[in-house]
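Participant: Sharing my_file36.cif, mmCIF, C-alpha atoms:
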```cif
data_structure
loop_
_atom_site.label_atom_id
_atom_site.label_comp_id
_atom_site.auth_asym_id
_atom_site.auth_seq_id
_atom_site.Cartn_x
_atom_site.Cartn_y
_atom_site.Cartn_z
CA MET A 89 42.59 47.71 56.71
CA CYS A 90 39.20 49.45 56.84
CA SER A 91 37.93 51.72 54.12
CA LEU A 92 37.39 55.47 54.56
CA GLN A 93 33.61 55.01 54.80
CA GLN A 94 33.95 52.35 57.54
CA PHE A 95 36.29 54.61 59.48
CA LEU A 96 33.85 57.50 59.30
CA ASN A 97 30.90 55.33 60.36
CA ARG A 98 32.77 54.21 63.49
CA PHE A 99 33.40 57.77 64.68
CA ARG A 100 30.22 59.45 63.41
CA ARG A 101 28.51 59.54 66.81
CA CYS A 102 31.46 60.46 69.01
CA ALA A 103 33.25 63.18 67.02
CA PRO A 104 31.23 65.87 65.21
CA LEU A 105 34.46 67.23 63.79
CA VAL A 106 34.91 64.01 61.87
CA LEU A 107 31.69 64.77 59.97
CA VAL A 108 33.21 68.01 58.75
CA LEU A 109 36.40 66.22 57.81
CA ALA A 110 34.37 63.53 56.05
CA GLY A 111 32.65 66.10 53.88
CA SER A 112 35.98 67.69 53.04
CA LEU A 113 37.57 64.36 52.17
CA ALA A 114 34.59 63.33 50.08
CA ALA A 115 34.81 66.60 48.18
CA GLN A 116 38.52 66.01 47.64
CA GLN A 117 37.89 62.49 46.35
CA ASN A 118 35.20 63.74 44.01
CA ALA A 119 37.52 66.48 42.75
CA ALA A 120 40.31 63.96 42.24
CA THR A 121 38.09 61.66 40.18
CA SER A 122 36.28 64.42 38.27
CA PRO A 123 37.47 65.26 34.74
CA VAL A 124 38.06 68.94 35.63
CA ASN A 125 41.13 70.33 33.94
CA PRO A 126 43.96 71.05 36.42
CA ILE A 127 44.92 74.61 37.20
CA ARG A 128 48.04 75.61 35.27
CA LEU A 129 50.02 77.37 37.93
CA ALA A 130 52.79 79.82 37.06
CA LEU A 131 55.08 81.09 39.80
CA THR A 132 53.52 84.57 39.69
CA ASP A 133 50.07 83.00 40.14
CA ALA A 134 51.33 80.96 43.09
CA LEU A 135 52.81 84.07 44.72
CA GLU A 136 49.59 86.03 44.28
CA ARG A 137 47.50 83.21 45.72
CA ALA A 138 49.91 82.80 48.62
CA ARG A 139 49.68 86.51 49.45
CA ARG A 140 45.90 86.26 49.65
CA ASN A 141 46.09 83.10 51.74
CA SER A 142 49.01 83.89 54.09
CA VAL A 143 47.92 84.85 57.59
CA THR A 144 51.31 86.38 58.42
CA TYR A 145 51.42 88.52 55.29
CA GLN A 146 47.82 89.65 55.64
CA ALA A 147 48.53 90.60 59.27
CA ALA A 148 51.39 92.82 58.06
CA VAL A 149 49.10 94.36 55.43
CA MET A 150 46.47 94.97 58.11
CA GLU A 151 49.08 96.67 60.31
CA ALA A 152 50.05 98.92 57.39
CA GLY A 153 46.39 99.77 56.80
CA ILE A 154 45.86 100.65 60.45
CA ALA A 155 48.98 102.83 60.43
CA HIS A 156 47.70 104.61 57.32
CA GLU A 157 44.39 105.35 59.07
CA ASP A 158 46.33 106.63 62.11
CA LYS A 159 48.11 109.03 59.77
CA LYS A 160 44.81 110.26 58.34
CA GLN A 161 43.41 110.78 61.84
CA ALA A 162 46.51 112.69 62.95
CA ILE A 163 46.28 115.01 59.93
CA ALA A 164 42.55 115.48 60.52
CA GLY A 165 43.36 116.56 64.07
CA LEU A 166 45.23 119.56 62.69
CA LEU A 167 42.21 120.84 60.78
CA PRO A 168 39.20 122.74 62.17
CA SER A 169 36.26 120.60 63.27
CA VAL A 170 32.60 121.62 62.96
CA ASN A 171 29.88 120.45 65.37
CA TYR A 172 26.28 121.41 65.94
CA ASN A 173 25.34 121.50 69.63
CA ASN A 174 21.82 121.42 71.04
CA SER A 175 20.98 121.69 74.72
CA VAL A 176 18.31 122.92 77.13
CA ILE A 177 19.12 124.30 80.60
CA TYR A 178 16.28 124.48 83.17
CA SER A 179 17.34 126.29 86.34
CA GLN A 180 15.63 127.18 89.60
CA GLY A 181 14.62 130.87 89.79
CA ASN A 182 13.63 133.28 92.53
CA GLY A 183 10.09 133.85 91.31
CA VAL A 184 8.42 135.50 88.33
CA GLY A 185 10.63 138.21 86.84
CA ASN A 186 13.48 137.43 89.19
CA PRO A 187 16.89 136.20 88.14
CA VAL A 188 18.06 132.61 88.42
CA ARG A 189 19.60 131.31 91.62
CA PHE A 190 22.68 129.86 89.84
CA ILE A 191 24.87 132.68 88.64
CA ALA A 192 26.50 130.45 86.01
CA ASN A 193 23.15 130.26 84.13
CA ASN A 194 21.76 133.08 82.02
CA ALA A 195 18.03 132.48 82.51
CA VAL A 196 15.55 130.12 84.11
CA HIS A 197 14.99 128.54 80.70
CA GLU A 198 17.92 128.64 78.29
CA TYR A 199 17.93 127.04 74.86
CA ILE A 200 21.18 126.50 72.98
CA SER A 201 21.28 125.42 69.33
CA GLN A 202 24.41 126.54 67.57
CA GLY A 203 27.25 125.44 65.36
CA ASN A 204 30.79 125.40 66.65
CA VAL A 205 33.99 125.66 64.62
CA HIS A 206 36.87 124.45 66.79
CA GLU A 207 40.59 124.60 66.08
CA VAL A 208 43.62 123.83 68.24
CA LEU A 209 47.02 125.25 67.32
CA ASP A 210 49.54 123.07 69.10
CA VAL A 211 53.11 122.07 68.21
CA ALA A 212 52.41 118.58 69.55
CA GLY A 213 49.68 118.07 66.94
CA PHE A 214 52.04 118.80 64.06
CA ALA A 215 54.73 116.54 65.52
CA GLU A 216 52.17 113.77 66.03
CA ALA A 217 51.05 114.04 62.40
CA ARG A 218 54.66 113.68 61.23
CA ARG A 219 55.20 110.74 63.59
CA ALA A 220 52.09 108.99 62.26
CA ALA A 221 53.24 109.53 58.66
CA ALA A 222 56.65 108.01 59.43
CA ALA A 223 55.01 105.11 61.27
CA ALA A 224 52.77 104.45 58.27
CA SER A 225 55.82 104.33 55.99
CA ALA A 226 57.55 101.94 58.37
CA ALA A 227 54.47 99.70 58.44
CA ARG A 228 54.40 99.61 54.64
CA ALA A 229 58.05 98.60 54.64
CA ARG A 230 57.33 95.80 57.14
CA ALA A 231 54.50 94.57 54.90
CA GLU A 232 56.98 94.45 52.03
CA ILE A 233 59.40 92.50 54.23
CA ALA A 234 56.65 89.98 54.93
CA SER A 235 55.87 89.78 51.22
CA ARG A 236 59.49 89.10 50.27
CA GLY A 237 59.82 86.48 52.99
CA LEU A 238 56.73 84.79 51.59
CA VAL A 239 58.36 84.80 48.15
CA VAL A 240 61.23 82.66 49.46
CA THR A 241 58.84 80.14 50.99
CA VAL A 242 56.69 79.88 47.86
CA VAL A 243 59.69 79.66 45.52
CA GLN A 244 61.18 76.88 47.61
CA SER A 245 57.93 74.92 47.74
CA TYR A 246 57.12 75.55 44.07
CA TYR A 247 60.45 74.37 42.71
CA ALA A 248 60.71 71.58 45.27
CA ALA A 249 57.51 70.21 43.77
CA ALA A 250 58.95 70.65 40.29
CA ALA A 251 62.14 68.86 41.32
CA ALA A 252 60.12 66.07 42.92
CA GLN A 253 58.29 65.62 39.62
CA ARG A 254 61.62 65.38 37.77
CA LYS A 255 62.93 62.89 40.33
CA LEU A 256 59.83 60.75 39.93
CA GLU A 257 60.36 60.69 36.19
CA ALA A 258 64.01 59.73 36.73
CA ALA A 259 63.00 57.03 39.21
CA GLN A 260 60.47 55.66 36.73
CA LYS A 261 63.14 55.62 34.03
CA ALA A 262 65.59 53.88 36.39
CA ALA A 263 62.95 51.31 37.31
CA ASP A 264 62.33 50.61 33.64
CA GLU A 265 66.06 50.31 33.03
CA GLY A 266 66.30 47.91 35.95
CA GLU A 267 63.54 45.76 34.47
CA ASN A 268 65.27 45.77 31.09
CA PHE A 269 68.60 44.92 32.66
CA LEU A 270 67.08 42.01 34.59
CA LYS A 271 65.61 40.66 31.35
CA LEU A 272 69.00 41.12 29.68
CA THR A 273 70.79 39.07 32.36
CA GLN A 274 68.16 36.35 32.12
CA ASP A 275 68.54 36.18 28.34
CA LEU A 276 72.33 36.07 28.60
CA GLU A 277 72.12 33.36 31.25
CA HIS A 278 69.92 31.23 29.00
CA GLY A 279 72.55 31.61 26.29
CA GLY A 280 75.27 30.56 28.71
CA GLU A 281 77.08 33.89 28.49
CA VAL A 282 76.80 35.00 32.15
CA ALA A 283 76.47 33.29 35.51
CA HIS A 284 73.28 33.09 37.56
CA SER A 285 74.82 35.54 40.03
CA ASP A 286 74.29 38.29 37.43
CA VAL A 287 70.57 37.49 37.37
CA ILE A 288 70.45 37.66 41.17
CA LYS A 289 72.22 41.03 41.13
CA GLY A 290 69.81 42.27 38.46
CA GLU A 291 66.81 41.20 40.51
CA LEU A 292 68.19 42.90 43.62
CA GLN A 293 68.66 46.04 41.57
CA VAL A 294 65.07 45.87 40.29
CA ASN A 295 63.73 45.59 43.84
CA GLU A 296 65.79 48.59 44.90
CA ARG A 297 64.56 50.62 41.95
CA ARG A 298 60.95 49.76 42.76
CA ARG A 299 61.41 50.96 46.34
CA GLN A 300 63.02 54.15 45.10
CA LEU A 301 60.10 54.70 42.75
CA GLN A 302 57.63 54.41 45.64
CA GLU A 303 59.68 56.87 47.70
CA ALA A 304 59.78 59.30 44.77
CA ARG A 305 55.99 59.14 44.45
CA LEU A 306 55.61 59.84 48.16
CA ALA A 307 58.07 62.75 47.99
CA LEU A 308 56.14 64.27 45.09
CA LEU A 309 52.85 63.91 46.93
CA ASN A 310 54.23 65.62 50.05
CA ALA A 311 55.82 68.42 47.99
CA ARG A 312 52.57 69.12 46.17
CA LEU A 313 50.62 69.08 49.43
CA ASP A 314 53.04 71.57 51.02
CA LEU A 315 52.60 73.90 48.05
CA ALA A 316 48.81 73.49 48.04
CA VAL A 317 48.60 74.48 51.71
CA LEU A 318 50.50 77.68 50.92
CA ILE A 319 48.55 78.87 47.90
CA PHE A 320 44.96 77.64 48.22
CA PRO A 321 42.45 78.76 50.89
CA ASP A 322 40.80 75.34 50.68
CA PHE A 323 42.46 72.04 49.90
CA ASN A 324 43.11 71.60 46.20
CA ASP A 325 45.78 69.43 44.62
CA ASN A 326 44.37 69.57 41.10
CA PHE A 327 47.10 71.74 39.59
CA GLU A 328 50.15 71.50 37.38
CA LEU A 329 53.30 73.63 37.43
CA ALA A 330 53.93 75.84 34.42
CA GLU A 331 57.50 76.97 35.16
CA ASP A 332 60.55 75.10 33.88
CA LEU A 333 62.89 74.25 36.74
CA HIS A 334 65.89 74.41 34.42
CA ALA A 335 65.03 77.56 32.50
CA ASN A 336 68.02 79.84 32.00
CA LEU A 337 68.09 82.51 34.70
CA PRO A 338 71.38 84.46 34.87
CA LEU A 339 72.68 85.88 38.11
CA PRO A 340 72.99 89.71 38.15
CA THR A 341 76.37 91.21 38.89
CA LEU A 342 77.37 92.14 42.43
CA PRO A 343 77.42 95.93 41.76
CA GLU A 344 73.89 95.69 40.40
CA ILE A 345 72.76 93.78 43.47
CA GLN A 346 74.43 96.31 45.76
CA ALA A 347 72.77 99.23 43.98
CA ARG A 348 69.35 97.62 44.28
CA ALA A 349 69.88 96.80 47.95
CA ALA A 350 70.92 100.38 48.75
CA ARG A 351 67.82 101.72 47.00
CA ASP A 352 65.11 99.16 47.71
CA ASN A 353 65.95 97.26 50.89
CA PRO A 354 62.78 97.25 53.04
CA ASP A 355 64.58 96.50 56.32
CA ILE A 356 66.66 99.67 56.01
CA ARG A 357 63.63 101.67 54.94
CA ALA A 358 61.60 100.40 57.88
CA ALA A 359 64.44 101.21 60.29
CA LEU A 360 64.87 104.72 58.84
CA GLU A 361 61.16 105.49 59.10
CA THR A 362 61.10 104.15 62.65
CA VAL A 363 63.94 106.54 63.57
CA LYS A 364 61.99 109.41 62.00
CA ALA A 365 58.88 108.45 63.94
CA ALA A 366 60.85 108.31 67.18
CA GLY A 367 62.32 111.77 66.48
CA HIS A 368 58.85 113.23 65.96
CA SER A 369 57.73 111.56 69.20
CA VAL A 370 60.48 113.48 71.01
CA ALA A 371 59.27 116.72 69.40
CA ALA A 372 55.69 115.94 70.43
CA ALA A 373 56.78 115.28 74.00
CA ARG A 374 58.79 118.53 74.15
CA ALA A 375 55.75 120.42 72.87
CA GLY A 376 54.29 119.86 76.33
CA TYR A 377 56.46 122.75 77.49
CA LEU A 378 54.88 125.15 74.95
CA PRO A 379 51.56 127.00 75.01
CA ALA A 380 48.55 125.76 73.05
CA LEU A 381 45.96 128.03 71.43
CA ASN A 382 42.28 126.99 71.22
CA LEU A 383 39.96 128.87 68.86
CA ASP A 384 36.15 128.52 68.91
CA TYR A 385 33.49 130.25 66.86
CA PHE A 386 29.80 129.82 67.73
CA TYR A 387 26.76 130.75 65.67
CA GLY A 388 23.13 129.96 66.46
CA ILE A 389 20.58 130.30 69.25
CA ASP A 390 21.37 130.94 72.90
CA ALA A 391 18.13 132.43 74.23
CA GLU A 392 15.19 131.99 76.65
CA HIS A 393 13.01 130.67 73.82
CA PHE A 394 13.73 128.04 71.20
CA ALA A 395 13.06 130.32 68.25
CA THR A 396 15.00 132.45 65.82
CA ARG A 397 13.00 135.55 66.83
CA THR A 398 11.24 136.58 70.03
CA ASP A 399 9.07 139.74 70.08
CA SER A 400 10.65 141.00 66.87
CA ILE A 401 14.10 140.45 68.33
CA SER A 402 16.47 138.06 66.56
CA ASN A 403 17.84 135.26 68.72
CA LEU A 404 20.49 134.32 66.17
CA GLY A 405 23.95 135.48 67.08
CA SER A 406 27.60 134.56 67.13
CA SER A 407 30.53 134.62 69.49
CA ALA A 408 34.21 133.80 69.34
CA VAL A 409 36.47 132.47 72.08
CA ALA A 410 40.27 132.30 72.03
CA THR A 411 42.05 130.46 74.83
CA LEU A 412 45.81 130.32 75.32
CA ASN A 413 46.85 127.47 77.62
CA ILE A 414 50.29 128.02 79.15
CA PRO A 415 51.79 125.02 81.00
CA ILE A 416 53.29 125.98 84.35
CA TRP A 417 53.71 122.91 86.54
CA ASN A 418 52.76 119.23 86.23
CA TRP A 419 55.16 117.54 88.66
CA GLY A 420 57.70 116.59 85.98
CA ALA A 421 55.28 114.61 83.80
CA THR A 422 56.38 116.41 80.64
CA GLN A 423 60.05 115.91 81.47
CA SER A 424 59.40 112.19 82.01
CA LYS A 425 57.61 111.91 78.65
CA VAL A 426 60.55 113.61 76.92
CA LYS A 427 62.97 111.21 78.58
CA GLN A 428 60.89 108.21 77.46
CA ALA A 429 60.77 109.46 73.88
CA GLU A 430 64.53 110.09 73.83
CA LEU A 431 65.25 106.58 75.11
CA GLN A 432 63.06 105.10 72.37
CA ARG A 433 64.71 107.30 69.74
CA ASP A 434 68.21 106.20 70.80
CA GLN A 435 67.15 102.55 70.62
CA THR A 436 65.78 102.97 67.09
CA LYS A 437 69.10 104.51 66.02
CA ARG A 438 70.94 101.47 67.35
CA GLU A 439 68.52 99.19 65.49
CA LEU A 440 69.11 101.15 62.29
CA SER A 441 72.85 100.73 62.65
CA LEU A 442 72.39 96.99 63.21
CA ALA A 443 70.14 96.71 60.16
CA GLN A 444 72.75 98.44 58.01
CA ARG A 445 75.51 96.10 59.22
CA LYS A 446 73.31 93.04 58.70
CA LEU A 447 72.48 94.17 55.18
CA LEU A 448 76.16 94.38 54.24
CA ALA A 449 76.88 90.96 55.73
CA GLU A 450 73.80 89.26 54.27
CA LEU A 451 74.43 90.80 50.87
CA GLN A 452 77.90 89.29 50.71
CA SER A 453 76.74 85.94 52.09
CA LEU A 454 73.63 85.52 49.96
CA TYR A 455 75.36 86.62 46.77
CA ALA A 456 78.19 84.17 47.43
CA GLU A 457 75.58 81.45 48.00
CA ALA A 458 73.82 82.30 44.73
CA GLN A 459 77.09 82.39 42.82
CA THR A 460 78.18 79.06 44.30
CA ALA A 461 74.79 77.52 43.49
CA SER A 462 75.03 78.83 39.91
CA ASP A 463 78.51 77.37 39.40
CA ALA A 464 77.50 74.09 41.02
CA LEU A 465 74.39 73.85 38.84
CA MET A 466 76.46 73.86 35.66
CA SER A 467 78.74 71.18 37.08
CA LEU A 468 75.78 69.09 38.24
CA GLN A 469 74.18 69.33 34.82
CA ARG A 470 77.36 68.05 33.21
CA SER A 471 77.59 65.24 35.78
CA ALA A 472 74.01 64.17 35.05
CA GLU A 473 74.72 64.08 31.32
CA LEU A 474 77.92 62.10 31.87
CA GLY A 475 76.15 59.69 34.22
CA ALA A 476 73.47 58.94 31.64
CA GLU A 477 76.05 58.49 28.88
CA SER A 478 78.23 56.27 31.08
CA LEU A 479 75.25 54.04 31.84
CA ARG A 480 74.45 53.70 28.16
CA LEU A 481 78.02 52.79 27.22
CA ILE A 482 78.57 50.34 30.06
CA THR A 483 75.26 48.63 29.32
CA LEU A 484 76.38 48.17 25.69
CA ARG A 485 79.72 46.77 26.86
CA TYR A 486 77.91 44.35 29.16
CA LYS A 487 75.86 43.09 26.25
CA ASN A 488 79.12 42.44 24.40
CA GLY A 489 80.67 40.73 27.40
CA GLU A 490 83.23 43.50 28.02
CA SER A 491 82.05 44.68 31.46
CA THR A 492 80.73 43.10 34.65
CA VAL A 493 77.34 43.32 36.26
CA LEU A 494 78.83 45.32 39.14
CA GLU A 495 79.96 47.99 36.68
CA VAL A 496 76.45 48.23 35.27
CA VAL A 497 74.88 48.49 38.72
CA ASP A 498 77.41 51.14 39.73
CA ALA A 499 76.67 53.10 36.55
CA GLN A 500 72.93 52.90 37.25
CA ASN A 501 73.39 54.21 40.78
CA THR A 502 75.71 56.96 39.62
CA ALA A 503 73.30 58.09 36.90
CA MET A 504 70.35 58.23 39.28
CA LEU A 505 72.26 60.04 42.03
CA SER A 506 73.75 62.58 39.64
CA ASP A 507 70.32 63.34 38.16
CA ALA A 508 68.80 63.79 41.64
CA ALA A 509 71.68 66.09 42.60
CA TYR A 510 71.07 68.12 39.45
CA GLN A 511 67.40 68.64 40.39
CA ASP A 512 68.35 69.63 43.95
CA GLY A 513 70.98 72.02 42.61
CA ALA A 514 68.38 73.76 40.44
CA VAL A 515 66.12 74.23 43.48
CA ARG A 516 69.06 75.56 45.50
CA TYR A 517 69.83 78.16 42.83
CA ARG A 518 66.20 79.32 42.62
CA VAL A 519 65.96 79.65 46.38
CA ALA A 520 69.28 81.56 46.48
CA LEU A 521 67.87 84.07 43.99
CA ALA A 522 64.70 84.40 46.06
CA ASN A 523 66.78 85.08 49.18
CA LEU A 524 68.59 87.83 47.30
CA GLN A 525 65.21 89.29 46.44
CA THR A 526 64.51 89.83 50.14
CA LEU A 527 67.40 92.30 50.10
CA THR A 528 67.02 93.90 46.69
CA GLY A 529 63.31 93.72 45.82
CA THR A 530 62.86 93.50 42.07
CA LEU A 531 64.98 90.48 41.27
CA THR A 532 63.59 88.05 38.70
CA THR A 533 62.66 84.69 40.21
CA GLN A 534 61.15 83.04 37.16
#
```
Would you mind giving the structure from this file in structure tokens?
Facilitator:
Amino acid sequence: MCSLQQFLNRFRRCAPLVLVLAGSLAAQQNAATSPVNPIRLALTDALERARRNSVTYQAAVMEAGIAHEDKKQAIAGLLPSVNYNNSVIYSQGNGVGNPVRFIANNAVHEYISQGNVHEVLDVAGFAEARRAAAAASAARARAEIASRGLVVTVVQSYYAAAAAQRKLEAAQKAADEGENFLKLTQDLEHGGEVAHSDVIKGELQVNERRRQLQEARLALLNARLDLAVLIFPDFNDNFELAEDLHANLPLPTLPEIQARAARDNPDIRAALETVKAAGHSVAAARAGYLPALNLDYFYGIDAEHFATRTDSISNLGSSAVATLNIPIWNWGATQSKVKQAELQRDQTKRELSLAQRKLLAELQSLYAEAQTASDALMSLQRSAELGAESLRLITLRYKNGESTVLEVVDAQNTAMLSDAAYQDGAVRYRVALANLQTLTGTLTTQ
């Protein structure tokens, strides 16, 4: 098997990407061998890092930011705007002292430099501002949905790594017990107290425990790598977990969960705001049937010379223009827009109803899952304790010649399986609580 450096030398000329990978791997090896203290990672730290690193969550945050800017632009559209216009109009005349040939122009040379205050009073503008505000609220709710979904993923990966660490410790303990048991059978065989078959069974058990120890190390490595990919922008496995997998975390009551879900569920909030936005879109479309009033106020120069005064006459002046636009006929375009908006509004109402039904169903299901996981966790803890005690007692009986080697091996297997089930049960309970948090929001996950 070739070393990493030999592998990189073989592909150095044909794959430039390998050079980048080589640098990354070298940095990882240096970090692994360096005496830098590992990062102590609490669950809250992992969640915060994951939010900064998650492409999906950051996309939802970006969408919320864009919707917020749309809201600001829609509100700004309701307010008067101020511009300063400058232009020069050169027209063909009919000779010195004669008027211009184009009746739309005021003089052969006309200079315009004036400020303009413009305002549009339109029902559609107000409806659009309300629609943008509702859309911004819906986008914020969707960002919160993405955040809560990320919580479930991080909690699962975080406590899976913690459980893998516990399983590795249990596998190491089982391997040590297997070694001790093999030595015990050999000593008893030398004393003529047991047959050689017990030594063979002990050796088989030791080999099995060694394989299980290797698998536990691999599982821990993969669990830590999965978590590292979630929480770090660059590869870093130099961390340790600060949370206790088996810390006491009581399950809230069902009425409390229901109250939180009714108040804080982001799916319902997003659906409600989407319905509001669709309703304002209908109002904006119907505003196409109504008149719109444009107001303009001008102040500045509109004269034959670019100057504030000409021959002791002031060129500065002002004017005001009010225009009322009354829609008469547009071949049914406004009616079609209203129909489109109404179809979209009706669909959002159906989606809101579906979201409400799903919330009720998921609330019952996820709470039942959390309650089942909580009850099972207590039973699994007791089973793990009994398995360890049974192994201790049966091993003592074997030393005294009161039990068989098969009973000891069975007790060893039972103790290891019950401990692994206990670790998996703790992860299941933590993940069940995190799933409830997607419905209720502020539910403790640590």
Participant: I'd like to see the residues matched by the PyMOL selection byres ((chain A and resi 199-205) around 10) on this file, and ideally I'd get them as a ChimeraX atom specification.
Facilitator: /A:168-178,195,197-198,206-207,383-395,404-408
Participant: I'd like the neighbourhood of Ala155 (chain A) as a ChimeraX atom specification, where a residue qualifies if any of its atoms comes within 10 Å (using all atoms listed in the file), though same-chain residues fewer than 2 positions away should be ignored.
Facilitator: /A:149-153,157-161,220-228
Participant: Counting all atoms listed in the file, find residues at most 10 Å from (67.8, 79.7, 43.3) (file frame) and give them as a list of chain:residue names.
Facilitator: A:Val240, A:Val243, A:Gln244, A:Tyr247, A:Leu333, A:Leu337, A:Leu339, A:Glu457, A:Ala458, A:Gln459, A:Ala461, A:Ser462, A:Leu465, A:Gly513, A:Ala514, A:Val515, A:Arg516, A:Tyr517, A:Arg518, A:Val519, A:Ala520, A:Leu521, A:Ala522, A:Asn523, A:Leu524, A:Thr533, A:Gln534
Participant: For the provided coordinates, the residues matched by the PyMOL selection byres ((chain A and resi 289-305) around 7) should be stated as a VMD selection string.
Facilitator: chain A and resid 255 to 256 259 to 260 262 to 263 266 to 267 269 to 270 273 285 to 288 306 to 309
Participant: Could you tell me how far CA of Arg438 (chain A) lies from CA of Val239 (chain A), in Å and to one decimal?
Facilitator: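 The value is 28.4 Å.
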Participant: Residues at most 12 Å from region 418-420 of chain A, counting all atoms listed in the file, excluding those fewer than 5 positions away in the same chain, as a ChimeraX atom specification?
Facilitator: /A:376-377,425-427
Participant: If we count all atoms listed in the file, what is near Gln452 (chain A) at a cut-off of 10 Å, once residues fewer than 5 positions away on the same chain are taken out, given as a count of residues only?
Facilitator: 6
